[in-house]
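Participant: Sharing final04.cif below, mmCIF, C-alpha atoms:
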data_model
#
loop_
_atom_site.label_atom_id
_atom_site.label_comp_id
_atom_site.auth_asym_id
_atom_site.auth_seq_id
_atom_site.Cartn_x
_atom_site.Cartn_y
_atom_site.Cartn_z
CA MET A 68 44.36 -25.45 -58.58
CA LYS A 69 40.68 -25.45 -57.73
CA CYS A 70 38.09 -27.10 -59.95
CA ALA A 71 36.59 -23.73 -60.94
CA ASP A 72 40.00 -22.48 -62.15
CA VAL A 73 40.73 -25.72 -63.97
CA ARG A 74 37.40 -25.71 -65.83
CA GLU A 75 38.14 -22.30 -67.26
CA LEU A 76 41.28 -23.75 -68.87
CA LEU A 77 40.07 -27.18 -69.92
CA THR A 78 39.07 -26.20 -73.44
CA ASP A 79 42.43 -24.49 -74.03
CA VAL A 80 44.25 -27.61 -72.88
CA ALA A 81 42.03 -29.86 -74.99
CA GLY A 82 42.62 -27.68 -78.03
CA GLY A 83 46.35 -27.37 -77.48
CA GLU A 84 46.16 -23.58 -77.13
CA LEU A 85 47.57 -23.82 -73.61
CA ASP A 86 50.74 -25.76 -72.94
CA GLY A 87 53.71 -25.66 -70.60
CA ALA A 88 53.53 -25.55 -66.85
CA ARG A 89 49.97 -24.23 -66.72
CA ALA A 90 48.69 -27.09 -68.88
CA ASP A 91 50.65 -29.57 -66.76
CA GLU A 92 48.89 -28.20 -63.67
CA VAL A 93 45.51 -28.70 -65.30
CA ARG A 94 46.35 -32.23 -66.38
CA ALA A 95 47.69 -33.07 -62.92
CA HIS A 96 44.45 -31.87 -61.37
CA ALA A 97 42.44 -33.85 -63.92
CA THR A 98 44.13 -37.07 -62.86
CA THR A 99 43.03 -36.59 -59.26
CA CYS A 100 39.55 -35.13 -59.86
CA ALA A 101 37.12 -37.49 -61.56
CA THR A 102 34.76 -34.71 -62.67
CA CYS A 103 37.43 -32.50 -64.24
CA GLY A 104 39.14 -35.58 -65.67
CA ARG A 105 35.96 -36.62 -67.44
CA GLU A 106 35.37 -33.08 -68.72
CA LEU A 107 38.87 -32.96 -70.18
CA GLU A 108 38.52 -36.36 -71.77
CA GLU A 109 35.21 -35.40 -73.39
CA LEU A 110 36.55 -32.07 -74.62
CA GLU A 111 39.61 -33.73 -76.13
CA ALA A 112 37.37 -36.24 -77.88
CA THR A 113 35.16 -33.41 -79.17
CA VAL A 114 38.02 -31.28 -80.49
CA GLY A 115 39.70 -34.38 -81.91
CA LEU A 116 36.57 -35.24 -83.88
CA LEU A 117 36.35 -31.73 -85.31
CA ARG A 118 39.99 -31.66 -86.36
CA ARG A 119 39.78 -35.06 -87.97
CA ALA A 120 36.68 -34.09 -89.93
CA GLY A 121 38.76 -32.90 -92.87
CA SER A 122 37.42 -31.03 -95.84
CA GLU A 123 34.24 -32.30 -97.34
CA PRO A 124 34.89 -33.32 -100.98
CA LEU A 125 33.12 -31.05 -103.42
CA PRO A 126 30.02 -32.69 -104.88
CA ASP A 127 30.09 -33.73 -108.53
CA GLY A 128 29.21 -30.83 -110.77
CA PHE A 129 29.89 -28.21 -108.08
CA SER A 130 32.44 -26.28 -110.14
CA LEU A 131 30.33 -26.31 -113.30
CA SER A 132 27.24 -25.24 -111.41
CA LEU A 133 29.22 -22.46 -109.68
CA HIS A 134 30.61 -21.28 -113.02
CA GLN A 135 27.08 -20.99 -114.43
CA ALA A 136 25.91 -19.10 -111.34
CA LEU A 137 28.84 -16.67 -111.59
CA VAL A 138 28.19 -15.96 -115.26
CA ALA A 139 24.49 -15.47 -114.56
CA ALA A 140 25.25 -13.11 -111.64
CA GLY A 141 27.09 -10.64 -113.86
CA PRO A 142 30.31 -8.78 -113.12
CA PRO A 143 31.15 -7.56 -109.60
CA GLN A 144 29.56 -4.38 -108.34
CA ARG A 145 32.00 -1.53 -108.13
CA SER A 146 32.51 -0.16 -104.68
CA TRP A 147 31.37 3.41 -104.17
CA LEU A 148 34.96 4.39 -103.61
CA ASP A 149 36.07 2.91 -106.92
CA ALA A 150 33.14 4.59 -108.62
CA VAL A 151 34.14 7.91 -107.09
CA ARG A 152 37.75 7.53 -108.15
CA ALA A 153 36.74 6.60 -111.67
CA ALA A 154 34.25 9.46 -111.92
CA ILE A 155 36.75 12.02 -110.66
CA ALA A 156 39.54 10.71 -112.86
CA LEU A 157 37.41 10.84 -115.99
CA ARG A 158 36.01 14.32 -115.61
CA PRO A 159 37.30 17.55 -117.04
CA VAL A 160 37.90 20.64 -114.78
CA THR A 161 37.42 23.95 -112.44
CA PHE A 162 36.51 24.73 -109.00
CA ALA A 163 34.08 27.19 -107.62
CA ALA A 164 34.38 28.58 -104.15
CA SER A 165 30.78 27.64 -103.73
CA ALA A 166 29.83 24.07 -103.33
CA ALA A 167 26.42 22.59 -103.18
CA ALA A 168 25.58 19.57 -101.22
CA LEU A 169 23.15 17.43 -102.76
CA ALA A 170 20.80 15.01 -104.18
CA ALA A 171 20.27 11.62 -102.81
CA MET A 172 18.26 8.54 -103.21
CA LEU A 173 17.51 5.54 -101.11
CA ALA A 174 18.87 2.22 -102.18
CA THR A 175 16.18 0.37 -100.28
CA GLY A 176 13.20 2.67 -100.58
CA GLY A 177 11.64 4.97 -98.03
CA THR A 178 11.31 8.71 -97.75
CA LEU A 179 14.08 11.10 -98.36
CA ALA A 180 13.85 14.86 -98.35
CA LEU A 181 16.32 17.46 -99.46
CA LEU A 182 15.59 20.12 -96.90
CA HIS A 183 18.21 22.71 -97.46
CA ARG A 184 20.79 23.73 -99.97
CA ALA A 185 23.47 26.30 -99.32
CA HIS A 186 26.84 27.54 -100.46
CA ALA A 187 30.22 26.67 -99.02
CA PRO A 188 30.26 25.34 -96.47
CA SER A 189 26.99 23.90 -97.63
CA VAL A 190 24.59 21.77 -95.69
CA ALA A 191 22.02 19.38 -97.05
CA SER A 192 19.71 17.22 -94.98
CA TYR A 193 18.24 13.86 -95.72
CA LYS A 194 15.77 11.72 -93.88
CA VAL A 195 16.25 8.02 -93.98
CA PRO A 196 14.40 5.25 -92.14
CA GLU A 197 16.31 3.51 -89.39
CA SER A 198 18.47 0.60 -90.57
CA LYS A 199 17.95 1.39 -94.26
CA VAL A 200 20.89 2.10 -96.50
CA ALA A 201 21.00 5.60 -97.95
CA LEU A 202 23.04 6.64 -100.94
CA VAL A 203 24.04 10.23 -100.23
CA LYS A 204 25.79 12.31 -102.86
CA ILE A 205 28.18 15.01 -101.77
CA ASP A 206 28.86 17.37 -104.65
CA PHE A 207 31.84 19.65 -105.19
CA VAL A 208 31.13 22.10 -107.99
CA ALA A 209 34.26 23.37 -109.69
CA GLU A 210 34.75 26.18 -112.23
CA LYS A 211 37.92 24.68 -113.62
CA THR A 212 39.90 21.51 -113.32
CA ILE A 213 41.92 21.08 -110.15
CA GLU A 214 44.49 18.35 -110.00
CA ASP A 215 45.90 16.62 -106.92
CA VAL A 216 42.94 17.09 -104.64
CA ALA A 217 42.88 15.19 -101.37
CA PHE A 218 39.38 14.10 -100.37
CA GLU A 219 38.39 13.05 -96.89
CA ILE A 220 34.93 11.91 -95.83
CA THR A 221 34.22 11.38 -92.16
CA LEU A 222 31.17 9.85 -90.51
CA PRO A 223 30.10 10.62 -86.95
CA ASP A 224 29.53 7.96 -84.31
CA GLY A 225 26.31 6.18 -85.14
CA LEU A 226 26.73 6.04 -88.93
CA ARG A 227 28.55 3.37 -90.92
CA PHE A 228 29.78 3.21 -94.48
CA VAL A 229 28.28 0.34 -96.45
CA GLY A 230 30.26 -1.44 -99.15
CA GLY A 231 29.71 -4.76 -100.86
CA GLY A 232 26.53 -5.25 -98.87
CA SER A 233 28.38 -5.08 -95.55
CA GLU A 234 28.91 -2.36 -92.99
CA LEU A 235 32.53 -1.22 -93.01
CA ALA A 236 34.65 -0.62 -89.93
CA GLU A 237 36.30 2.53 -91.30
CA ARG A 238 34.87 5.88 -90.21
CA THR A 239 37.02 7.98 -92.51
CA PHE A 240 37.92 7.52 -96.14
CA ARG A 241 40.74 9.45 -97.78
CA PHE A 242 41.65 9.34 -101.43
CA GLN A 243 43.42 11.43 -104.03
CA GLY A 244 41.69 12.62 -107.16
CA ARG A 245 40.93 15.63 -109.27
CA LEU A 246 37.97 17.92 -109.62
CA ALA A 247 36.53 18.43 -113.06
CA ALA A 248 34.80 21.57 -114.24
CA GLY A 249 31.20 21.41 -113.14
CA SER A 250 29.58 18.98 -110.79
CA ASN A 251 31.65 16.29 -109.04
CA PRO A 252 29.17 14.20 -107.06
CA ILE A 253 30.70 11.76 -104.60
CA PRO A 254 28.22 9.05 -103.70
CA ILE A 255 28.52 7.34 -100.34
CA ALA A 256 26.36 4.53 -98.99
CA VAL A 257 25.68 4.90 -95.28
CA LYS A 258 23.53 3.27 -92.66
CA GLY A 259 22.35 4.46 -89.26
CA PRO A 260 20.99 1.86 -86.87
CA ARG A 261 19.57 4.38 -84.41
CA ALA A 262 17.33 7.40 -84.86
CA GLY A 263 19.00 10.78 -84.65
CA ARG A 264 20.61 13.59 -86.62
CA TYR A 265 24.09 12.90 -87.93
CA LYS A 266 26.52 15.21 -89.67
CA VAL A 267 28.68 13.82 -92.49
CA ILE A 268 31.72 15.97 -93.24
CA ALA A 269 33.63 15.97 -96.52
CA HIS A 270 36.83 17.91 -97.17
CA ALA A 271 38.50 18.66 -100.48
CA ILE A 272 41.99 20.05 -100.08
CA GLY A 273 44.30 20.98 -102.93
CA PRO A 274 46.36 23.80 -104.40
CA ALA A 275 44.58 27.01 -103.30
CA LEU A 276 41.60 24.92 -102.29
CA ASP A 277 40.16 24.03 -98.90
CA VAL A 278 36.45 23.32 -98.97
CA THR A 279 34.25 21.60 -96.44
CA GLN A 280 30.88 20.08 -97.16
CA GLU A 281 28.41 19.05 -94.51
CA VAL A 282 25.44 16.80 -95.00
CA VAL A 283 22.96 16.19 -92.22
CA LEU A 284 21.37 12.79 -92.28
CA GLU A 285 18.29 12.39 -90.17
CA VAL A 286 17.65 8.77 -89.32
CA THR A 287 14.00 8.28 -88.51
CA THR A 288 12.20 5.42 -86.84
CA MET B 43 45.30 -34.74 -80.22
CA GLN B 44 45.82 -33.50 -83.74
CA PRO B 45 46.82 -29.86 -84.15
CA PRO B 46 44.56 -27.70 -86.30
CA LYS B 47 45.17 -28.18 -90.00
CA PRO B 48 47.39 -25.43 -91.38
CA MET B 49 45.96 -23.05 -93.94
CA PRO B 50 47.45 -23.30 -97.43
CA PRO B 51 50.20 -20.74 -98.08
CA PRO B 52 48.89 -17.40 -99.33
CA MET B 53 49.09 -16.57 -103.02
CA PRO B 54 51.94 -14.20 -103.97
CA ALA B 55 50.73 -10.60 -103.71
CA HIS B 56 51.28 -9.71 -107.37
CA GLU B 57 49.42 -12.81 -108.53
CA LEU B 58 46.56 -12.08 -106.12
CA ALA B 59 46.33 -8.45 -107.26
CA GLY B 60 46.30 -9.48 -110.92
CA LEU B 61 43.54 -12.03 -110.43
CA VAL B 62 41.45 -9.63 -108.33
CA GLU B 63 41.79 -6.94 -110.99
CA ARG B 64 40.73 -9.30 -113.78
CA ALA B 65 37.88 -10.74 -111.73
CA ARG B 66 36.62 -7.23 -110.92
CA GLU B 67 36.33 -6.63 -114.65
CA GLY B 68 34.08 -9.69 -114.91
CA ASP B 69 36.65 -12.38 -115.74
CA VAL B 70 34.93 -15.42 -114.19
CA VAL B 71 37.89 -17.72 -114.90
CA ALA B 72 40.22 -15.41 -112.97
CA PHE B 73 37.80 -15.44 -110.06
CA GLU B 74 37.61 -19.23 -110.13
CA LYS B 75 41.40 -19.38 -109.98
CA LEU B 76 41.36 -16.88 -107.11
CA ILE B 77 39.02 -19.02 -105.01
CA GLY B 78 40.27 -22.40 -106.25
CA LYS B 79 41.85 -23.52 -103.00
CA TYR B 80 38.99 -22.14 -100.90
CA GLN B 81 36.07 -23.86 -102.64
CA SER B 82 36.30 -27.03 -100.61
CA LYS B 83 36.80 -25.08 -97.38
CA VAL B 84 33.79 -22.88 -98.08
CA TYR B 85 31.73 -25.97 -98.85
CA THR B 86 32.89 -27.67 -95.62
CA PHE B 87 32.12 -24.49 -93.68
CA ALA B 88 28.64 -24.51 -95.26
CA PHE B 89 28.27 -28.14 -94.27
CA ALA B 90 29.03 -27.24 -90.67
CA PHE B 91 26.25 -24.66 -90.87
CA THR B 92 23.61 -26.78 -92.55
CA GLY B 93 24.48 -30.35 -91.60
CA SER B 94 23.25 -31.41 -95.05
CA PRO B 95 25.29 -31.97 -98.24
CA ASP B 96 22.55 -30.64 -100.51
CA LEU B 97 21.86 -27.52 -98.49
CA ALA B 98 25.60 -26.97 -98.12
CA GLN B 99 26.05 -27.00 -101.90
CA ASP B 100 23.36 -24.35 -102.39
CA LEU B 101 24.69 -22.23 -99.55
CA ALA B 102 28.35 -22.48 -100.59
CA GLN B 103 27.52 -21.48 -104.17
CA GLU B 104 25.35 -18.60 -103.01
CA ALA B 105 28.15 -17.41 -100.74
CA LEU B 106 30.80 -17.64 -103.46
CA VAL B 107 28.61 -15.67 -105.87
CA LYS B 108 28.35 -12.99 -103.16
CA VAL B 109 32.13 -13.02 -102.83
CA TYR B 110 32.40 -12.46 -106.58
CA ARG B 111 29.82 -9.68 -106.64
CA SER B 112 31.48 -7.99 -103.66
CA LEU B 113 35.03 -8.03 -105.02
CA GLY B 114 34.85 -4.26 -105.47
CA SER B 115 34.93 -3.84 -101.70
CA PHE B 116 38.16 -5.84 -101.24
CA ARG B 117 40.89 -3.26 -100.67
CA PHE B 118 43.88 -5.46 -99.79
CA GLN B 119 43.79 -4.19 -96.19
CA SER B 120 43.40 -7.72 -94.88
CA ALA B 121 44.31 -11.17 -96.13
CA PHE B 122 42.09 -12.26 -99.01
CA SER B 123 41.04 -15.34 -97.02
CA THR B 124 39.95 -13.17 -94.07
CA TRP B 125 37.86 -10.97 -96.34
CA LEU B 126 36.42 -14.01 -98.13
CA TYR B 127 35.39 -15.64 -94.86
CA SER B 128 33.72 -12.43 -93.70
CA ILE B 129 31.52 -12.38 -96.82
CA VAL B 130 30.83 -16.12 -96.57
CA LYS B 131 29.98 -15.83 -92.89
CA ASN B 132 27.47 -13.05 -93.62
CA ALA B 133 25.87 -15.14 -96.36
CA TYR B 134 25.52 -18.05 -93.97
CA LEU B 135 24.11 -15.94 -91.17
CA ASP B 136 21.56 -14.45 -93.57
CA ALA B 137 20.53 -17.99 -94.49
CA VAL B 138 20.28 -19.03 -90.86
CA LYS B 139 18.13 -16.00 -90.07
CA SER B 140 15.70 -16.83 -92.83
CA ARG B 141 12.51 -18.60 -91.94
CA ALA B 142 13.56 -21.69 -93.86
CA GLY B 143 16.85 -21.69 -91.99
CA ARG B 144 15.13 -21.54 -88.62
CA GLU B 145 12.84 -24.39 -89.61
CA ARG B 146 15.73 -26.50 -90.86
CA ALA B 147 17.48 -25.99 -87.53
CA LEU B 148 14.71 -27.98 -85.85
CA GLU B 149 15.03 -30.97 -88.13
CA GLU B 150 16.65 -34.32 -87.57
CA PRO B 151 18.09 -34.47 -84.06
CA LEU B 152 20.83 -37.07 -83.66
CA THR B 153 19.75 -40.52 -82.60
CA GLU B 154 21.37 -42.27 -79.69
CA ARG B 155 22.89 -44.78 -82.09
CA GLU B 156 24.52 -42.01 -84.13
CA VAL B 157 25.96 -40.39 -81.03
CA ALA B 158 27.24 -43.76 -79.81
CA ALA B 159 28.90 -44.36 -83.18
CA LEU B 160 30.67 -40.99 -82.89
CA HIS B 161 31.93 -41.96 -79.45
CA ASP B 162 33.47 -45.07 -80.94
CA VAL B 163 35.08 -43.01 -83.69
CA ALA B 164 36.38 -40.48 -81.14
CA THR B 165 38.58 -43.12 -79.56
CA ALA B 166 39.66 -44.76 -82.82
CA GLU B 167 43.04 -44.06 -84.34
CA GLU B 168 42.23 -43.18 -87.94
CA ARG B 169 43.53 -39.82 -89.06
CA LEU B 170 40.43 -38.65 -90.89
CA LEU B 171 36.80 -39.38 -90.19
CA ALA B 172 34.85 -41.56 -92.56
CA LYS B 173 32.16 -39.80 -94.56
CA GLU B 174 29.32 -41.10 -92.39
CA SER B 175 30.97 -40.01 -89.16
CA ARG B 176 31.78 -36.61 -90.62
CA HIS B 177 28.17 -36.09 -91.64
CA THR B 178 26.93 -37.07 -88.18
CA LEU B 179 29.41 -34.71 -86.56
CA MET B 180 28.24 -31.83 -88.76
CA ARG B 181 24.65 -32.51 -87.80
CA ALA B 182 25.69 -32.46 -84.15
CA LEU B 183 27.42 -29.13 -84.74
CA ARG B 184 24.14 -27.70 -86.02
CA GLN B 185 22.76 -27.97 -82.51
CA VAL B 186 25.36 -25.50 -81.26
CA PRO B 187 24.19 -21.83 -81.24
CA VAL B 188 25.19 -20.17 -84.48
CA ALA B 189 27.60 -17.60 -83.00
CA TYR B 190 29.61 -20.34 -81.29
CA ARG B 191 29.24 -22.76 -84.21
CA THR B 192 30.80 -20.24 -86.56
CA VAL B 193 33.92 -19.93 -84.43
CA VAL B 194 34.22 -23.67 -83.80
CA ALA B 195 33.88 -24.40 -87.52
CA LEU B 196 36.49 -21.77 -88.44
CA ALA B 197 38.96 -22.75 -85.70
CA ASP B 198 38.72 -26.51 -85.38
CA VAL B 199 37.40 -27.58 -88.80
CA GLN B 200 38.98 -24.92 -91.02
CA GLY B 201 42.13 -24.44 -88.96
CA LEU B 202 42.06 -20.62 -88.84
CA GLY B 203 43.91 -18.78 -86.06
CA TYR B 204 42.35 -16.42 -83.52
CA GLU B 205 43.48 -13.29 -85.37
CA GLU B 206 42.09 -14.38 -88.70
CA ILE B 207 38.78 -15.43 -87.19
CA ALA B 208 38.56 -12.10 -85.37
CA GLY B 209 39.17 -10.31 -88.69
CA ALA B 210 36.59 -12.37 -90.54
CA LEU B 211 33.91 -11.92 -87.88
CA GLY B 212 34.74 -8.32 -86.98
CA VAL B 213 35.03 -9.09 -83.25
CA PRO B 214 37.92 -8.85 -80.75
CA VAL B 215 40.25 -11.83 -80.27
CA GLY B 216 38.94 -12.19 -76.70
CA THR B 217 35.44 -12.72 -78.08
CA VAL B 218 36.75 -15.39 -80.44
CA LYS B 219 38.36 -17.22 -77.52
CA SER B 220 35.25 -17.10 -75.35
CA ARG B 221 32.99 -18.22 -78.23
CA LEU B 222 35.35 -21.06 -79.05
CA LYS B 223 35.27 -22.23 -75.44
CA ARG B 224 31.49 -22.04 -75.28
CA GLY B 225 31.11 -23.68 -78.68
CA ARG B 226 33.33 -26.62 -77.78
CA ASP B 227 31.51 -26.99 -74.45
CA ALA B 228 28.14 -26.90 -76.23
CA LEU B 229 29.19 -29.52 -78.78
CA LYS B 230 30.65 -31.69 -76.05
CA ASP B 231 27.30 -31.51 -74.26
CA VAL B 232 25.50 -32.51 -77.45
CA LEU B 233 27.79 -35.48 -77.87
CA PHE B 234 28.03 -36.60 -74.25
CA ARG B 235 25.29 -35.12 -72.07
CA GLN B 236 22.52 -35.79 -74.59
CA ARG B 237 23.51 -39.43 -74.68
CA GLY B 238 23.47 -39.55 -70.91
CA LYS B 239 19.93 -38.18 -70.79
CA GLU B 240 18.70 -40.81 -73.20
CA GLU B 241 20.22 -43.66 -71.27
CA PRO B 242 17.80 -45.42 -68.91
#
In structure tokens, write the structure found in this file.
Facilitator:
Amino acid sequence: MKCADVRELLTDVAGGELDGARADEVRAHATTCATCGRELEELEATVGLLRRAGSEPLPDGFSLSLHQALVAAGPPQRSWLDAVRAAIALRPVTFAASAAALAAMLATGGTLALLHRAHAPSVASYKVPESKVALVKIDFVAEKTIEDVAFEITLPDGLRFVGGGSELAERTFRFQGRLAAGSNPIPIAVKGPRAGRYKVIAHAIGPALDVTQEVVLEVTT
Amino acid sequence: MQPPKPMPPPMPAHELAGLVERAREGDVVAFEKLIGKYQSKVYTFAFAFTGSPDLAQDLAQEALVKVYRSLGSFRFQSAFSTWLYSIVKNAYLDAVKSRAGRERALEEPLTEREVAALHDVATAEERLLAKESRHTLMRALRQVPVAYRTVVALADVQGLGYEEIAGALGVPVGTVKSRLKRGRDALKDVLFRQRGKEEP
């Protein structure tokens, strides 16, 4: 093996991630090449130190102090999905063929404009500053209760769901619920890191029901 | 060479689900039971980030409060420990990005004597480092760029596997491997090259 090839593998050998014949080749080279041999020795010493570090004992009073901080922080925030499920489960009933897509507010401030409102499939537009989190509400208005409704919300490339303060990897959320009579707003927290116009699509599918909602989110610089 | 320390066995699923449910309703005791075995690991991880026991205590507590407040977003799609580390990692990175964090990063470079003492420890036989050596090592780790430091701390100090680190950081396994390599190389340079430069 050449030195350049060996150096690519030294850290894996030092960490024990590479063993067998390939590791033997590296070690054999290291015994004949002073430079690679020293590199391996130093890497093994480095990894050895890290693995022998052990867990740092918790400082005195850590648990008590943490308990006080947890109590002061208040109960966990409900995720938007949990909030949606709870809201849908608690409401009474009916579905209208028309659906209005809706109101919104910014969690972090900034301008937001409801530009258009229409009937099914309805389209609403929002403007939100780049990199801010927007809470967008998608509303399904029902005339009567509809049970066993499958909801699906899909984001386009460029938008991300936000939950628990972090961007989520999922692009589509599906959940079962019911529609109550009247308004059934589904809030979603989204973020768009780049300027542009993005279309969020929500489906509600159930017995004799297939409605699509579209919300256009304009991310501005 | 010691192998990485194994992670404690996971909590049975029904017990985990019960504690998560109670904690989501605001049961602090249930949450404390949920994170019981991770407290020390989170604190050690914070230590690797800050290099200071006092700062690590503040950071670890802040991170665990964020874990508690974010419990609503845990959907059992990954191991609880993976999800917990992802929240903790974000809390640490936020702290590092802060102005105070950047300023702290410039403080207290290792002295030649401290580095020399670590070299002596590196060749000694004891299974665990003494407190002083551990603290010096954590300060050395602070000189490694944060992206690499995170992976080194999770892999070699916490004993997490590639897959779990990838899940916690939201990056591919290949990225974990390359950051681990670069992080170990960077720490090795701190421990060995820096000393060489200081020698007459």
Participant: Tell me, counting all atoms listed in the file, for each residue of chain A within 6 Å of chain B, which pair of atoms is nearest and how far apart they are in Å to one decimal, in rows ordered by chain and increasing number, as a Markdown table.
Facilitator:
| residue | atom | partner | partner_atom | distance |
| --- | --- | --- | --- | --- |
| A:Thr78 | CA | B:Lys223 | CA | 5.8 |
| A:Ala112 | CA | B:Ala164 | CA | 5.4 |
| A:Thr113 | CA | B:Lys230 | CA | 5.7 |
| A:Gly115 | CA | B:Met43 | CA | 5.9 |
| A:Leu116 | CA | B:Ala164 | CA | 5.9 |
| A:Leu117 | CA | B:Val199 | CA | 5.5 |
| A:Arg118 | CA | B:Asp198 | CA | 5.4 |
| A:Arg119 | CA | B:Leu170 | CA | 4.7 |
| A:Ala120 | CA | B:Leu171 | CA | 5.3 |
| A:Ser122 | CA | B:Thr86 | CA | 5.6 |
| A:Glu123 | CA | B:Thr86 | CA | 5.1 |
| A:Leu125 | CA | B:Ser82 | CA | 5.8 |
| A:Leu133 | CA | B:Gln103 | CA | 5.8 |
| A:Leu137 | CA | B:Val107 | CA | 5.8 |
| A:Pro142 | CA | B:Gly68 | CA | 4.3 |
| A:Pro143 | CA | B:Arg111 | CA | 3.9 |
| A:Gln144 | CA | B:Arg111 | CA | 5.6 |
| A:Arg145 | CA | B:Gly114 | CA | 4.8 |
| A:Ser146 | CA | B:Gly114 | CA | 4.8 |
| A:Gly230 | CA | B:Ser115 | CA | 5.8 |
| A:Gly231 | CA | B:Ser112 | CA | 4.6 |
Participant: Would you mind exporting the chosen residues as a short mmCIF file (atom, residue, chain, number, x, y, z; two decimals), in the coordinates of the input, restricted to C-alpha atoms?
Facilitator:
data_model
loop_
_atom_site.label_atom_id
_atom_site.label_comp_id
_atom_site.auth_asym_id
_atom_site.auth_seq_id
_atom_site.Cartn_x
_atom_site.Cartn_y
_atom_site.Cartn_z
CA THR A 78 39.07 -26.20 -73.44
CA ALA A 112 37.37 -36.24 -77.88
CA THR A 113 35.16 -33.41 -79.17
CA GLY A 115 39.70 -34.38 -81.91
CA LEU A 116 36.57 -35.24 -83.88
CA LEU A 117 36.35 -31.73 -85.31
CA ARG A 118 39.99 -31.66 -86.36
CA ARG A 119 39.78 -35.06 -87.97
CA ALA A 120 36.68 -34.09 -89.93
CA SER A 122 37.42 -31.03 -95.84
CA GLU A 123 34.24 -32.30 -97.34
CA LEU A 125 33.12 -31.05 -103.42
CA LEU A 133 29.22 -22.46 -109.68
CA LEU A 137 28.84 -16.67 -111.59
CA PRO A 142 30.31 -8.78 -113.12
CA PRO A 143 31.15 -7.56 -109.60
CA GLN A 144 29.56 -4.38 -108.34
CA ARG A 145 32.00 -1.53 -108.13
CA SER A 146 32.51 -0.16 -104.68
CA GLY A 230 30.26 -1.44 -99.15
CA GLY A 231 29.71 -4.76 -100.86
#
Participant: Which one is closest to Thr192 in chain B: B:Val62, B:Ala105, B:Val130, B:Ala158? Count all atoms listed in the file.
Facilitator: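 Smallest separation from Thr192 in chain B among the options: B:Val130.
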Participant: Which of these residues is nearest to Glu234 in chain A, using all atoms listed in the file: B:Leu196, B:Leu58, B:Met53, B:Leu211?
Facilitator: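 Checking each of B:Leu196, B:Leu58, B:Met53, B:Leu211 against Glu234 in chain A, counting all atoms listed in the file, the winner is B:Leu211.
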Participant: Counting all atoms listed in the file, which residue out of B:Tyr190, B:Lys75, B:Gln185, B:Tyr80 sits closest to Thr124 in chain B?
Facilitator: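 Under the stated criterion, the closest residue is B:Tyr80.
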Participant: Kindly give the distance, in Å, that separates CA of Ser140 in chain B and CA of Arg221 in chain B, rounded to a single decimal.
Facilitator: 22.7 Å
Participant: Name the residues in contact with Asp91 in chain A at a cut-off of 12 Å, using only C-alpha atoms, excluding same-chain residues fewer than 2 positions from it; report them as a count of residues only.
Facilitator: 18
Participant: Have a look at CA of Pro252 in chain A and CA of Thr287 in chain A and let me know their distance in Å, one decimal.
Facilitator: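 Separating CA of Pro252 in chain A from CA of Thr287 in chain A is a distance of 24.7 Å.
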Participant: For Asp224 in chain A, work out the shell of residues within 12 Å, counting all atoms listed in the file and skipping chain neighbours fewer than 6 positions away, then give it as a JSON list (two decimals) with C-alpha atoms, keeping the file's coordinate frame.
Facilitator:
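So part-v7.json came out as:
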[["chain", "number", "residue", "atom", "x", "y", "z"],
["A", 236, "ALA", "CA", 34.65, -0.62, -89.93],
["A", 237, "GLU", "CA", 36.30, 2.53, -91.30],
["A", 238, "ARG", "CA", 34.87, 5.88, -90.21],
["A", 239, "THR", "CA", 37.02, 7.98, -92.51],
["A", 258, "LYS", "CA", 23.53, 3.27, -92.66],
["A", 259, "GLY", "CA", 22.35, 4.46, -89.26],
["A", 260, "PRO", "CA", 20.99, 1.86, -86.87],
["A", 261, "ARG", "CA", 19.57, 4.38, -84.41],
["A", 263, "GLY", "CA", 19.00, 10.78, -84.65],
["A", 264, "ARG", "CA", 20.61, 13.59, -86.62],
["A", 265, "TYR", "CA", 24.09, 12.90, -87.93],
["A", 266, "LYS", "CA", 26.52, 15.21, -89.67],
["A", 267, "VAL", "CA", 28.68, 13.82, -92.49]]
Participant: So the first atom is CA of Leu152 in chain B and the second is CA of Val114 in chain A; what is the distance between them in Å, to one decimal place?
Facilitator: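 So the answer is 18.4 Å.
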Participant: Would you write out, as a list in words, every residue that the PyMOL selection byres ((chain A and resi 254) around 7) captures in this file?
Facilitator: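 Selected by the PyMOL selection byres ((chain A and resi 254) around 7) in this file: Trp147, Val151, Leu202, Val203, Lys204, Ile205, Pro252, Ile253, Ile255 and Ala256 of chain A.
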Participant: Rank nothing, just name the residue among A:Thr212, A:Asn251, A:Thr288, A:Ser233 nearest to Pro274 in chain A, using only C-alpha atoms.
Facilitator: A:Thr212
Participant: Output the residue selection produced by the PyMOL selection byres ((chain B and resi 209) around 12) on the file above, formatted as a PyMOL selection string.
Facilitator: (chain A and resi 236) or (chain B and resi 119-129+131+193+196+202-208+210-215+217-218)
